[in-house]
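The structure under discussion appears below in the form of structure tokens.
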Amino acid sequence: MKRIGVTGSIATGKSTLLKAFAAAGVPVFSADAAVAELYAGEAVAPVEALFPGVSRDGVVDRVELSRRLAADPSGFGRLEQVVHPMVRARIAAFLDAAERQGHVAAAVEVPLLLEGDHDYGFDAIAVTHVDEAIQRQRVLARPGMTVEKLESLLARQMPQSEKKKRATWLFDTAQSPDTIEAQVSDLVADLKRQGQ
């Protein structure tokens, strides 16, 4: 089974690419979705212990957590030490299950895949990218986003140009979702022919 890591900078279409893999019949997993589940479950108590008052009604308040991290970026490392092992365990279980089920491929979206030093065991990396002007436009259209917050997020991410160099496959998401779906469909058909 081909284990595919999906990554890219903020607002470059990672979710669009993941949906395209799902449409092609490939099992998919989103690290962001896993974090959202953890923030309503097993991660609540340890995150609250790190950032007292950040949970509300048994759920981590992501807006408040973002505010705290913006005020003190050193908190990112502490948060990642708690949450990342939980996410990694879920990814490993997902990939193992997909392989047992006999799928030709499985795709896992990990936004900071190339920035981290964890080896997820991916066989290939699919990187999304767009022109930087489109990226900024997309990000700044998000609720509550500011130029300062965007700059802080970009500072933690590898430049798009560097991510593109590390890609097995590149997807320019300035193209229509239908075009991306067609590209992924062709890719998955090739993997099936190769018997991966």
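Residue names in the structure tokens use chain letters A, B, ... in the order shown, residue numbers from 1 in each chain, and ligand numbers from 1 in the order shown.
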
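Taking only C-alpha atoms, the non-local environment of range 56-64 of chain A within 12 Å (same-chain residues fewer than 3 positions away omitted) comprises Asp32, Val35, Ala36, Glu37, Leu38, Tyr39, Ala40, Gly41, Glu42, Ala43, Val44, Ala45, Pro46, Val47, Glu48, Ala49, Leu50, Phe51, Pro52, Gly53, Arg67, Arg68, Leu69, Ala70, Ala71, Pro143, Gly144 and Met145 of chain A.
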
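Backbone DSSP of chain A yields strand (DSSP E) at Lys2, Arg3, Ile4, Gly5, Val6, Thr7, Gly8, Val28, Phe29, Ser30, Ser55, Arg56, Val59, Val60, Ala105, Ala106, Ala107, Val108, Glu109, Ala124, Ile125, Ala126, Val127, Thr128, His129, Trp169, Leu170, Phe171 and Asp172 of chain A.
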
So which residues of chain A fall under helix (DSSP H, G or I) by DSSP, listed as a PyMOL selection string? chain A and resi 14-23+31-38+44-50+62-71+75-100+132-140+147-155+160-165+177-194

Pairwise distance for CA of Phe21 in chain A and CA of Val87 in chain A, rounded to one decimal in Å: 20.4 Å

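If only C-alpha atoms are the atoms counted, then among A:Lys149, A:Lys192, A:Val184, A:Ala124 the closest residue to Arg136 in chain A is A:Lys149.
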
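Excluding range 139-141 of chain A and any residue on its chain fewer than 6 positions from it, the residues at most 12 Å away by only C-alpha atoms are A:Ser9, A:Ile10, A:Ala11, A:Thr12, A:Gly13, A:Val130, A:Glu132, A:Ala133, A:Val147, A:Glu148, A:Lys149, A:Leu150, A:Glu151, A:Leu153, A:Leu154.
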
Could you save those same residues with C-alpha atoms as a compact mmCIF listing (two decimals), in the first residue's frame?
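Okay, this is what ended up in again34.txt:
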```txt
# COMPACT_ATOMS: atom_id res chain seq x y z
CA SER A 9 1.54 25.79 3.51
CA ILE A 10 -1.52 27.47 5.03
CA ALA A 11 -4.39 28.06 2.58
CA THR A 12 -2.80 26.16 -0.29
CA GLY A 13 -5.63 23.64 -0.71
CA VAL A 130 -0.52 28.36 -4.98
CA GLU A 132 1.71 33.66 -2.75
CA ALA A 133 -0.74 36.46 -3.62
CA VAL A 147 -1.82 40.31 8.80
CA GLU A 148 0.12 39.91 12.07
CA LYS A 149 -1.38 36.48 12.73
CA LEU A 150 -0.66 35.43 9.15
CA GLU A 151 2.98 36.50 9.45
CA LEU A 153 1.85 31.42 11.06
CA LEU A 154 4.09 31.73 8.00
```

What's around Thr7 in chain A at 10 Å? Count only C-alpha atoms, leave out sequence neighbours fewer than 6 positions away in its own chain, and write the answer as a PyMOL selection string. chain A and resi 13-15+17-18+108-114+125-129+163+167

Keeping N, CA and C atoms for every residue in the selection just given, could you write it to a file as a PDB file, in the first residue's frame?
```
ATOM      1  N   GLY A  13      -4.714  24.639  -0.152  1.00  0.00           N
ATOM      2  CA  GLY A  13      -5.632  23.645  -0.709  1.00  0.00           C
ATOM      3  C   GLY A  13      -5.424  22.212  -0.254  1.00  0.00           C
ATOM      4  N   LYS A  14      -4.875  22.009   0.946  1.00  0.00           N
ATOM      5  CA  LYS A  14      -4.673  20.650   1.451  1.00  0.00           C
ATOM      6  C   LYS A  14      -5.992  19.900   1.577  1.00  0.00           C
ATOM      7  N   SER A  15      -7.012  20.580   2.082  1.00  0.00           N
ATOM      8  CA  SER A  15      -8.322  19.926   2.237  1.00  0.00           C
ATOM      9  C   SER A  15      -8.930  19.560   0.888  1.00  0.00           C
ATOM     10  N   LEU A  17      -7.251  18.777  -1.783  1.00  0.00           N
ATOM     11  CA  LEU A  17      -6.524  17.606  -2.270  1.00  0.00           C
ATOM     12  C   LEU A  17      -6.968  16.344  -1.533  1.00  0.00           C
ATOM     13  N   LEU A  18      -7.175  16.450  -0.227  1.00  0.00           N
ATOM     14  CA  LEU A  18      -7.618  15.285   0.547  1.00  0.00           C
ATOM     15  C   LEU A  18      -8.988  14.814   0.054  1.00  0.00           C
ATOM     16  N   VAL A 108      -2.798  10.870   4.170  1.00  0.00           N
ATOM     17  CA  VAL A 108      -2.870  11.514   5.483  1.00  0.00           C
ATOM     18  C   VAL A 108      -2.409  12.957   5.352  1.00  0.00           C
ATOM     19  N   GLU A 109      -3.290  13.879   5.718  1.00  0.00           N
ATOM     20  CA  GLU A 109      -2.936  15.305   5.701  1.00  0.00           C
ATOM     21  C   GLU A 109      -2.257  15.680   7.011  1.00  0.00           C
ATOM     22  N   VAL A 110      -1.013  16.176   6.916  1.00  0.00           N
ATOM     23  CA  VAL A 110      -0.268  16.652   8.074  1.00  0.00           C
ATOM     24  C   VAL A 110       0.268  18.042   7.703  1.00  0.00           C
ATOM     25  N   PRO A 111      -0.373  19.116   8.191  1.00  0.00           N
ATOM     26  CA  PRO A 111       0.026  20.465   7.763  1.00  0.00           C
ATOM     27  C   PRO A 111       1.507  20.785   7.944  1.00  0.00           C
ATOM     28  N   LEU A 112       2.107  20.402   9.069  1.00  0.00           N
ATOM     29  CA  LEU A 112       3.514  20.733   9.324  1.00  0.00           C
ATOM     30  C   LEU A 112       4.411  19.506   9.153  1.00  0.00           C
ATOM     31  N   LEU A 113       4.067  18.656   8.205  1.00  0.00           N
ATOM     32  CA  LEU A 113       4.799  17.413   7.973  1.00  0.00           C
ATOM     33  C   LEU A 113       6.291  17.652   7.748  1.00  0.00           C
ATOM     34  N   LEU A 114       6.623  18.582   6.873  1.00  0.00           N
ATOM     35  CA  LEU A 114       8.021  18.803   6.504  1.00  0.00           C
ATOM     36  C   LEU A 114       8.776  19.642   7.524  1.00  0.00           C
ATOM     37  N   ILE A 125       5.100  12.033  -0.888  1.00  0.00           N
ATOM     38  CA  ILE A 125       4.596  13.293  -0.329  1.00  0.00           C
ATOM     39  C   ILE A 125       3.916  14.088  -1.441  1.00  0.00           C
ATOM     40  N   ALA A 126       2.633  14.401  -1.228  1.00  0.00           N
ATOM     41  CA  ALA A 126       1.865  15.245  -2.149  1.00  0.00           C
ATOM     42  C   ALA A 126       1.811  16.649  -1.551  1.00  0.00           C
ATOM     43  N   VAL A 127       2.344  17.616  -2.276  1.00  0.00           N
ATOM     44  CA  VAL A 127       2.432  18.991  -1.773  1.00  0.00           C
ATOM     45  C   VAL A 127       1.508  19.902  -2.576  1.00  0.00           C
ATOM     46  N   THR A 128       0.669  20.648  -1.844  1.00  0.00           N
ATOM     47  CA  THR A 128      -0.189  21.648  -2.471  1.00  0.00           C
ATOM     48  C   THR A 128       0.536  22.988  -2.470  1.00  0.00           C
ATOM     49  N   HIS A 129       0.248  23.789  -3.499  1.00  0.00           N
ATOM     50  CA  HIS A 129       0.862  25.120  -3.566  1.00  0.00           C
ATOM     51  C   HIS A 129      -0.029  26.035  -4.405  1.00  0.00           C
ATOM     52  N   LYS A 163       9.150  23.424   0.184  1.00  0.00           N
ATOM     53  CA  LYS A 163       8.246  22.262   0.228  1.00  0.00           C
ATOM     54  C   LYS A 163       8.123  21.629  -1.153  1.00  0.00           C
ATOM     55  N   ALA A 167       8.668  17.421  -2.697  1.00  0.00           N
ATOM     56  CA  ALA A 167       7.442  16.724  -3.089  1.00  0.00           C
ATOM     57  C   ALA A 167       7.710  15.549  -4.018  1.00  0.00           C
TER      58      ALA A 167
END
```

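Atom pair CA of Gln135 in chain A / CA of Ala31 in chain A has a distance of 20.7 Å (rounded to one decimal).
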
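Atom to atom, CA of Ala92 in chain A and CA of Tyr120 in chain A stand 7.7 Å apart.
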
Among A:Val83, A:Gly102, A:Thr168, A:Pro73, Asp123 in chain A is approached most closely, using only C-alpha atoms, by A:Thr168
